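Visitor: Attaching a single structure in C-alpha cells format; questions to follow.
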There are 2 protein chains.
Amino acid sequence: MSFEITATDGEARAGVLHTSHGDVPTPAFMPVGTKATVKGLDPVRLRELGTTILLANTYHLHFRPGAELIEELGGLHAFMAWDGPILTDSGGFQVFSLRDTISAVDEDGVTFRSVYDGQPARLTPELAADVQRRLGSDVAMCLDVCPPADVSRPELELATETTTRWAERQLAAPRAEGQLLFAVAQGGNDRDLRRRSIEELAALGFDGLALGGLSVGEERGAMLETVSWSAPLLPADRPRYFMGIGDPAGILEVVARGIDMFDCVLPTRLGRTGSALTWEGRLNLRNARFARDREPLDEDCPCSACSRFSRAYLRHLVNQQELLGLILLSEHNVRFLLDLTAGARAAIERGELAAYKAAALHRLEQATAAPGQEVSRG
Amino acid sequence: MSFEITATDGEARAGVLHTSHGDVPTPAFMPVGTKATVKGLDPVRLRELGTTILLANTYHLHFRPGAELIEELGGLHAFMAWDGPILTDSGGFQVFSLRDTISAVDEDGVTFRSVYDGQPARLTPELAADVQRRLGSDVAMCLDVCPPADVSRPELELATETTTRWAERQLAAPRAEGQLLFAVAQGGNDRDLRRRSIEELAALGFDGLALGGLSVGEERGAMLETVSWSAPLLPADRPRYFMGIGDPAGILEVVARGIDMFDCVLPTRLGRTGSALTWEGRLNLRNARFARDREPLDEDCPCSACSRFSRAYLRHLVNQQELLGLILLSEHNVRFLLDLTAGARAAIERGELAAYKAAALHRLEQATAAPGQEVSRG
C-alpha cells in the first residue's frame, strides 16, 4: 500500500504517503508550484522550509511550456530541480473556475479557450492522464466535472455521474511508472450524491480520494459541515485530499475532520502582496505601524526571515517593491503553514489535537490584526 | 594603513582593503544594494556567491526609509542582515544624474527635488557625511560635483574646484567609528584639471580615491583613455575606485589600468530583464532558440543556477514572468562577475593578467550572442 496510518485522534489521522520520490508525512500542506515553480522560492529553500510535497498545475504546464517539452527534458522533477514528491492536478479546476472560457462540456470532455492565447482547447480524461504521465508527477489527479455552487440538482447529478465515468476512463489510461492516481468526488452539499460519488470512486480502487467542488465561492461554515459528514465516507485506508485550503484556521478545521492533504496559493500570494501569516494574525506590512518595529514577523517563528529581519526592514522592502521582500514574506508564510501542519501531526500522535486546535484558534482569534479566515486557490 | 598591495602586474594591482567588517581582496566587484537590498538576492546567497563588499545608495536610503530610522535599528548592516563590508556612495551621483530635478548648485551644496515625492531637498557635504555616519557603512564617499559630459571648460573647472572644497568640508565632519572616507576626483577628460583634482584630494589624505564623472553617457574608448593616464596619477598606496562599471570587458580593461574597486547594477538589472552574462556573450533568455536547450546558462559556471537548471527552464520562467527566473539569473550574473574579477586577481598574482585579459576578451568577442559592451550605473 502507498499509504499507512500511524495514529488517529478522533476523526483526525497521522500517516505516511509513500511515493516514488520519497515519503510524505500526513497531514501535509502542499505549497503550490503553479508553473513548475513555487513563486519566488528556490527549491533548495523550499526543502529547508520543511516542504515534503509540492503541487503543480497541469493546465498551465500543458500550455506553457507544454508537457512534451518537460518530458523531453527529463520530466517535471528534473525540469524544476525538485527531487521530492509532486502532485499534479488534472487541469479541470482551472478550466471549470474560468467558466467564461468554457464552450461545451460533453460526455467525452470539455471544450474551452486557453487563457494564454484564447485558442480553442479540449481536455479529456485521456489527455489529463497523458499530460500528467509526461510530467511524471508522483500523484496524478483525475479530471472531474466541477459545477458552480448554485447549480441545479439535475446538473449536479449529471456532473457527479460524468465525474465517475471520466475517472474510470482515466484509470484505464497509461501512467508514469510508480505514479499514484487520486480521484475527485463531487456531489456538492447533497448527501446522497456525495455519498454515491465517493462509493463509486472508492469501488474503482484509486490510491486516494479528494473532496471536490467545495472550496470555490463556498461559505466556510457550509463547506466545513460538508467535510464533517463526507470525510468519514471516504475510504479510511487511503489518503483524503481537500483542494485549495491553506489559511491557518481552515487547515486546523479540515485536519480535525480527517483530511490528510491540502494545498493553497495563499502563503505565496499573501507574500507577494506584502502580508504575513503570524500568530498575531495576518500582518499587512504596508501598515505604518510597522515603520519602526524592531520585532520579527512572528516571535515564535524560526524561519530565516524571522531570525534575521525586523518588520521595519520588511516593510521598507515591501513599500519599495523590492523583490527580496516578496521572497522573504513568501518563505515565512510557507514555513508558518508547514510548521502549523507539523504541529497538528505531532498533536494527533499525542492524542491532543483538540487541545492544539483550540489553543491555536484562540491565539488566532485574539489577534489584533485583520481576520485571517479566507479560502484561496489558483 | 587600511590598504595594502600584495602584487602588481603592469599597472594592475592585487591588494587587500581592511574594513571594520572584514577584509576585501582587490580588485573587487561590488554588487549594488541600492535600497539596502541587492535586488532579488538574499544576503546569505550573496555571501555564497563570493560577494566581499556591497554598495548601498545614500540618496535612496536618505529618502526611504531615512538614515535616522536605519541608525535607530542598529545601522545598515543590522538593518539588511549583511555583516560584511559596505561602501555607501554620497548621494551625489543620483542627484547629478537626475539633472532635471536640480534647481541650484551653489558653494554650500545642491538643491533638487526628491524623486520620491517631488519635494525640495538639499544635499551638502555635511549632510552626506551625516547620513553615511548614521548608516554606519565601512567606506563613505565624499559628495562631489558631477557635471555633464558636454560641460564648458569654466564650468568643469568650477565643478572640480568645488569638489575639492566639499571634500575638505566632509573630511572635517563626524564619521562612524572605523569608517573610511574616499574622495572623488573630477576634471572630466581634461588632463590639467583631472591632475589638479587628484593632487588636491590626495594631499588632504583620504583613505581612497575614485575617478568620477567618467561613466555617465561617456564613449567607452574616451573613458578608458582617461583612465589610462589618470589612474597612475592616483596615490599608489591607496585604493582606486571606478564607479559604475560592471560589464565583463569593462572590468578587465579598468583592472588592467590599475583600478581596485568597481560597482555596477548591470548583473541584477540584466537578470531582471531576462538576460545572462556568459562566456558565449550576453544571452537573452526570451530568445526562441533556448526553448529546448538542455544546457546550463554557462557550461563553465559553478553557480547554483547553472548546476541545476537548463536554459529551457530559465526561459520558461522568464517568459512566464516568474520571480524565480529573475532571482536565478541575477545570482548567476553576480557570480559571473565576481568569478571574473577573482580570476583577474589571481592572474595579477601570477603576473599573467595580460594573458588572462586577452584570452577572456577573445572568448567574449567570439561570442555568437549580442555584443556585451555597455556601461550602466544606477
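We label chains A, B, ... in the order they appear in the C-alpha cells, count residues from 1 in each chain, and number ligands from 1 in the order shown.
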Specify as a short mmCIF file (atom, residue, chain, number, x, y, z; two decimals) with N, CA and C atoms, in the first residue's frame all residues of chain B found within 8 Å of chain A, counting only C-alpha atoms.
Guide:
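The result, stored in selection-v1.cif:
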data_model
loop_
_atom_site.label_atom_id
_atom_site.label_comp_id
_atom_site.auth_asym_id
_atom_site.auth_seq_id
_atom_site.Cartn_x
_atom_site.Cartn_y
_atom_site.Cartn_z
N THR B 37 19.17 46.45 -0.29
CA THR B 37 18.99 45.07 -0.77
C THR B 37 19.53 45.01 -2.19
N LYS B 39 18.96 43.66 -5.47
CA LYS B 39 17.62 43.29 -5.92
C LYS B 39 17.48 41.78 -6.16
N GLY B 40 16.60 41.17 -5.36
CA GLY B 40 16.26 39.76 -5.53
C GLY B 40 17.19 38.79 -4.83
N LEU B 41 18.28 39.26 -4.21
CA LEU B 41 19.28 38.35 -3.67
C LEU B 41 19.34 38.42 -2.14
N ASP B 42 19.10 37.28 -1.52
CA ASP B 42 19.22 37.16 -0.07
C ASP B 42 20.69 37.36 0.33
N ARG B 64 14.15 56.99 1.71
CA ARG B 64 13.36 55.82 2.08
C ARG B 64 14.29 54.74 2.60
N PRO B 65 14.24 54.33 3.84
CA PRO B 65 13.29 54.77 4.87
C PRO B 65 13.81 55.93 5.71
N LEU B 69 16.11 56.31 10.87
CA LEU B 69 15.44 55.04 11.17
C LEU B 69 16.45 53.89 11.13
N LEU B 73 17.66 51.42 14.19
CA LEU B 73 17.54 49.96 14.11
C LEU B 73 18.90 49.27 14.09
N PHE B 79 20.30 46.29 9.73
CA PHE B 79 19.03 46.50 9.04
C PHE B 79 18.85 45.49 7.92
N MET B 80 19.91 45.32 7.10
CA MET B 80 19.79 44.45 5.93
C MET B 80 20.42 43.07 6.16
N ALA B 81 20.87 42.80 7.40
CA ALA B 81 21.43 41.48 7.75
C ALA B 81 22.60 41.09 6.85
N ARG B 292 14.27 24.63 -26.19
CA ARG B 292 14.51 23.21 -25.90
C ARG B 292 15.94 22.98 -25.47
N ARG B 294 18.91 22.18 -23.33
CA ARG B 294 19.17 21.47 -22.07
C ARG B 294 20.38 22.01 -21.33
N ARG B 308 21.99 23.36 -11.72
CA ARG B 308 20.70 22.70 -11.56
C ARG B 308 19.72 22.88 -12.71
N PHE B 309 19.81 24.03 -13.41
CA PHE B 309 18.72 24.37 -14.33
C PHE B 309 19.18 24.51 -15.78
N SER B 310 18.32 24.09 -16.68
CA SER B 310 18.57 24.25 -18.12
C SER B 310 18.16 25.65 -18.57
N TYR B 313 14.42 25.74 -18.96
CA TYR B 313 13.63 26.04 -17.76
C TYR B 313 13.68 27.52 -17.43
N HIS B 316 11.51 29.41 -19.72
CA HIS B 316 10.11 29.25 -19.29
C HIS B 316 9.79 30.22 -18.16
N GLU B 322 8.06 34.70 -13.97
CA GLU B 322 8.17 34.09 -12.65
C GLU B 322 9.36 34.69 -11.90
N LEU B 323 9.12 35.03 -10.63
CA LEU B 323 10.17 35.65 -9.81
C LEU B 323 11.44 34.81 -9.79
N LEU B 324 11.29 33.49 -9.73
CA LEU B 324 12.47 32.64 -9.59
C LEU B 324 13.43 32.82 -10.77
N ILE B 327 15.51 35.87 -10.09
CA ILE B 327 16.42 35.60 -8.98
C ILE B 327 17.61 34.78 -9.47
#
Visitor: Leaving out segment 300-303 of chain A and any residue of its chain fewer than 6 positions from it, which residues lie within 10 Å of it when counting only C-alpha atoms, given as a VMD selection string?
Guide: chain A and resid 48 to 49 278 to 279 328 331 to 336 339
Visitor: I'd like the neighbourhood of Thr160 of chain A as a PyMOL selection string, where a residue qualifies if any of its atoms comes within 7 Å (using only C-alpha atoms), though same-chain residues fewer than 3 positions away should be ignored.
Guide: chain A and resi 156-157+163-164+186-187+197
Visitor: Can I get the selected residues back with C-alpha atoms, as a PDB file, in the first residue's frame?
Guide:
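So the final result, stored in result17.pdb, reads:
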ATOM      1  CA  LEU A 156     -25.196  18.431 -10.148  1.00  0.00           C
ATOM      2  CA  GLU A 157     -26.273  14.830 -10.644  1.00  0.00           C
ATOM      3  CA  THR A 163     -17.050  12.541 -12.978  1.00  0.00           C
ATOM      4  CA  THR A 164     -17.256   8.827 -12.187  1.00  0.00           C
ATOM      5  CA  GLN A 186     -18.275  15.524  -6.479  1.00  0.00           C
ATOM      6  CA  GLY A 187     -21.869  15.922  -5.289  1.00  0.00           C
ATOM      7  CA  SER A 197     -19.827   9.679  -5.859  1.00  0.00           C
TER       8      SER A 197
END
Visitor: Could you tell me how far atom CA of Asp130 of chain A sits from atom CA of Arg99 of chain A, in Å to one decimal place?
Guide: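 It comes out at 23.4 Å.
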Visitor: For Pro148 of chain B, please output as a short mmCIF file (atom, residue, chain, number, x, y, z; two decimals) with N, CA and C atoms, in the first residue's frame all residues within 12 Å (counting only C-alpha atoms; exclusion window: fewer than 5 positions along the same chain).
Guide:
data_model
loop_
_atom_site.label_atom_id
_atom_site.label_comp_id
_atom_site.auth_asym_id
_atom_site.auth_seq_id
_atom_site.Cartn_x
_atom_site.Cartn_y
_atom_site.Cartn_z
N PHE B 93 25.85 61.22 -7.06
CA PHE B 93 25.66 60.68 -8.41
C PHE B 93 24.19 60.69 -8.80
N VAL B 95 21.78 62.60 -7.60
CA VAL B 95 21.32 63.98 -7.77
C VAL B 95 21.76 64.51 -9.13
N PHE B 96 23.05 64.31 -9.46
CA PHE B 96 23.56 64.92 -10.69
C PHE B 96 23.15 64.15 -11.95
N SER B 97 22.80 62.88 -11.80
CA SER B 97 22.35 62.16 -12.99
C SER B 97 20.86 62.39 -13.25
N LEU B 98 20.14 62.82 -12.22
CA LEU B 98 18.74 63.22 -12.39
C LEU B 98 18.74 64.75 -12.56
N ARG B 99 19.42 65.20 -13.62
CA ARG B 99 19.73 66.61 -13.77
C ARG B 99 18.49 67.49 -13.80
N ASP B 100 17.39 66.96 -14.34
CA ASP B 100 16.16 67.75 -14.42
C ASP B 100 15.61 68.11 -13.04
N ARG B 153 34.49 74.40 -20.37
CA ARG B 153 35.72 74.39 -19.58
C ARG B 153 35.58 75.16 -18.26
N GLU B 155 32.93 75.80 -16.52
CA GLU B 155 32.02 75.08 -15.62
C GLU B 155 32.71 73.84 -15.06
N LEU B 156 33.48 73.15 -15.91
CA LEU B 156 34.21 71.96 -15.46
C LEU B 156 35.21 72.35 -14.37
N ALA B 159 33.36 73.03 -11.17
CA ALA B 159 32.91 71.77 -10.57
C ALA B 159 34.07 71.08 -9.86
N GLN B 186 37.41 64.85 -9.90
CA GLN B 186 36.68 65.27 -11.10
C GLN B 186 37.70 65.78 -12.12
N GLY B 187 37.23 66.53 -13.11
CA GLY B 187 38.13 67.07 -14.12
C GLY B 187 37.85 66.55 -15.53
N GLY B 188 36.84 65.71 -15.64
CA GLY B 188 36.45 65.22 -16.97
C GLY B 188 37.63 64.58 -17.68
N ASN B 189 37.74 64.85 -18.99
CA ASN B 189 38.86 64.31 -19.77
C ASN B 189 39.98 65.35 -19.91
N GLY B 212 35.82 60.17 -10.82
CA GLY B 212 34.41 60.49 -11.03
C GLY B 212 34.16 61.13 -12.38
N GLY B 213 32.88 61.23 -12.72
CA GLY B 213 32.48 61.97 -13.90
C GLY B 213 32.85 61.34 -15.22
N LEU B 214 33.10 60.02 -15.23
CA LEU B 214 33.53 59.39 -16.48
C LEU B 214 32.56 58.35 -17.02
N SER B 215 31.71 57.85 -16.18
CA SER B 215 30.97 56.67 -16.61
C SER B 215 29.59 56.97 -17.16
N VAL B 216 29.16 58.20 -17.08
CA VAL B 216 27.79 58.51 -17.48
C VAL B 216 27.77 59.08 -18.89
N GLY B 217 27.14 58.40 -19.80
CA GLY B 217 26.99 58.89 -21.17
C GLY B 217 28.33 59.09 -21.87
N GLU B 218 29.32 58.36 -21.37
CA GLU B 218 30.68 58.53 -21.89
C GLU B 218 30.93 57.48 -22.97
#
Visitor: Would you please give, as a list in words, all residues of segment 18-99 of chain B that DSSP assigns to strand (DSSP E) based on the backbone?
Guide: His18, Thr19, Gly22, Asp23, Val24, Pro25, Thr26, Ala28, Phe29, Met30, Pro31, Leu54, Leu55, Ala56, Ile86, Leu87 and Thr88 of chain B
Visitor: Quick one, how far is atom CA of Thr268 of chain A from atom CA of Pro31 of chain B?
Guide: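 That distance, rounded to one decimal, is 27.2 Å.
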Visitor: Counting only C-alpha atoms, what is within 12 Å of segment 5-8 of chain A, bar same-chain residues fewer than 2 positions away, as a short mmCIF file (atom, residue, chain, number, x, y, z; two decimals) with N, CA and C atoms, in the first residue's frame?
Guide:
data_model
loop_
_atom_site.label_atom_id
_atom_site.label_comp_id
_atom_site.auth_asym_id
_atom_site.auth_seq_id
_atom_site.Cartn_x
_atom_site.Cartn_y
_atom_site.Cartn_z
N MET A 1 0.83 -1.21 0.00
CA MET A 1 0.00 0.00 0.00
C MET A 1 0.86 1.25 0.00
N SER A 2 0.37 2.27 -0.69
CA SER A 2 1.13 3.52 -0.76
C SER A 2 0.88 4.42 0.45
N PHE A 3 -0.07 4.05 1.28
CA PHE A 3 -0.43 4.92 2.41
C PHE A 3 -0.60 4.09 3.67
N GLY A 10 -9.63 11.12 17.31
CA GLY A 10 -10.96 11.50 16.84
C GLY A 10 -11.04 11.14 15.36
N GLU A 11 -11.54 12.07 14.55
CA GLU A 11 -11.59 11.83 13.11
C GLU A 11 -10.23 12.03 12.45
N ALA A 12 -9.33 12.73 13.14
CA ALA A 12 -8.04 13.10 12.53
C ALA A 12 -7.10 11.92 12.46
N ARG A 13 -6.21 11.97 11.44
CA ARG A 13 -5.27 10.87 11.23
C ARG A 13 -3.87 11.42 10.98
N ALA A 14 -2.87 10.71 11.46
CA ALA A 14 -1.48 10.95 11.06
C ALA A 14 -1.05 9.73 10.28
N GLY A 15 -0.30 9.97 9.18
CA GLY A 15 0.10 8.84 8.36
C GLY A 15 1.32 9.16 7.52
N VAL A 16 1.59 8.27 6.58
CA VAL A 16 2.70 8.47 5.64
C VAL A 16 2.25 8.03 4.26
N LEU A 17 2.45 8.91 3.28
CA LEU A 17 2.19 8.56 1.89
C LEU A 17 3.54 8.22 1.26
N HIS A 18 3.66 7.01 0.74
CA HIS A 18 4.90 6.59 0.09
C HIS A 18 4.82 6.90 -1.40
N VAL A 24 5.86 11.14 2.40
CA VAL A 24 5.20 12.39 2.80
C VAL A 24 4.45 12.14 4.10
N PRO A 25 4.93 12.69 5.21
CA PRO A 25 4.16 12.57 6.45
C PRO A 25 2.87 13.36 6.31
N THR A 26 1.77 12.79 6.76
CA THR A 26 0.48 13.49 6.68
C THR A 26 -0.08 13.69 8.09
N PRO A 27 -0.87 14.72 8.31
CA PRO A 27 -1.37 15.71 7.36
C PRO A 27 -0.22 16.49 6.71
N ALA A 236 -11.13 4.70 4.66
CA ALA A 236 -10.28 5.04 5.81
C ALA A 236 -8.81 4.72 5.55
N ASP A 237 -8.56 3.79 4.66
CA ASP A 237 -7.17 3.35 4.46
C ASP A 237 -6.47 4.08 3.33
N ARG A 238 -7.12 5.10 2.78
CA ARG A 238 -6.48 5.84 1.69
C ARG A 238 -6.45 7.34 1.98
N PRO A 239 -5.45 8.05 1.43
CA PRO A 239 -5.33 9.48 1.75
C PRO A 239 -6.54 10.29 1.25
N ARG A 240 -6.87 11.29 2.03
CA ARG A 240 -8.00 12.17 1.74
C ARG A 240 -7.47 13.57 1.50
N VAL A 255 -8.15 19.24 9.08
CA VAL A 255 -7.36 18.17 9.68
C VAL A 255 -8.17 17.47 10.78
N ALA A 256 -8.86 18.28 11.57
CA ALA A 256 -9.67 17.70 12.66
C ALA A 256 -10.79 16.83 12.12
N ARG A 257 -11.19 17.07 10.87
CA ARG A 257 -12.28 16.30 10.24
C ARG A 257 -11.75 15.12 9.43
N GLY A 258 -10.45 14.86 9.52
CA GLY A 258 -9.93 13.65 8.90
C GLY A 258 -9.29 13.83 7.53
N ILE A 259 -9.00 15.07 7.14
CA ILE A 259 -8.33 15.33 5.86
C ILE A 259 -6.82 15.16 6.05
N ASP A 260 -6.15 14.57 5.02
CA ASP A 260 -4.72 14.26 5.13
C ASP A 260 -3.82 15.19 4.31
N ALA A 344 0.18 20.04 14.10
CA ALA A 344 -1.07 19.29 14.16
C ALA A 344 -0.78 17.79 14.10
N ARG A 345 0.15 17.40 13.25
CA ARG A 345 0.51 15.97 13.12
C ARG A 345 1.05 15.43 14.45
N ALA A 346 1.94 16.22 15.07
CA ALA A 346 2.51 15.78 16.35
C ALA A 346 1.42 15.69 17.41
N ALA A 347 0.48 16.63 17.37
CA ALA A 347 -0.63 16.61 18.34
C ALA A 347 -1.49 15.37 18.14
N ILE A 348 -1.74 14.99 16.88
CA ILE A 348 -2.52 13.78 16.61
C ILE A 348 -1.80 12.57 17.21
N GLU A 349 -0.48 12.54 17.02
CA GLU A 349 0.29 11.40 17.54
C GLU A 349 0.22 11.32 19.07
N ARG A 350 0.09 12.49 19.71
CA ARG A 350 -0.03 12.51 21.17
C ARG A 350 -1.48 12.36 21.62
N GLY A 351 -2.41 12.35 20.65
CA GLY A 351 -3.83 12.31 21.02
C GLY A 351 -4.33 13.62 21.58
N GLU A 352 -3.69 14.73 21.16
CA GLU A 352 -4.05 16.03 21.74
C GLU A 352 -4.43 17.06 20.68
N LEU A 353 -4.97 16.60 19.57
CA LEU A 353 -5.30 17.56 18.51
C LEU A 353 -6.34 18.58 18.96
#
Visitor: Write out as a list in words the residues lying within 10 Å of Thr111 of chain A, counting only C-alpha atoms and excluding same-chain residues fewer than 3 positions away.
Guide: Val95, Thr101, Ile102, Ser103, Ala104, Val105, Asp106, Asp108, Ser114, Pro120, Ala121, Arg122, Leu123 and Thr124 of chain A
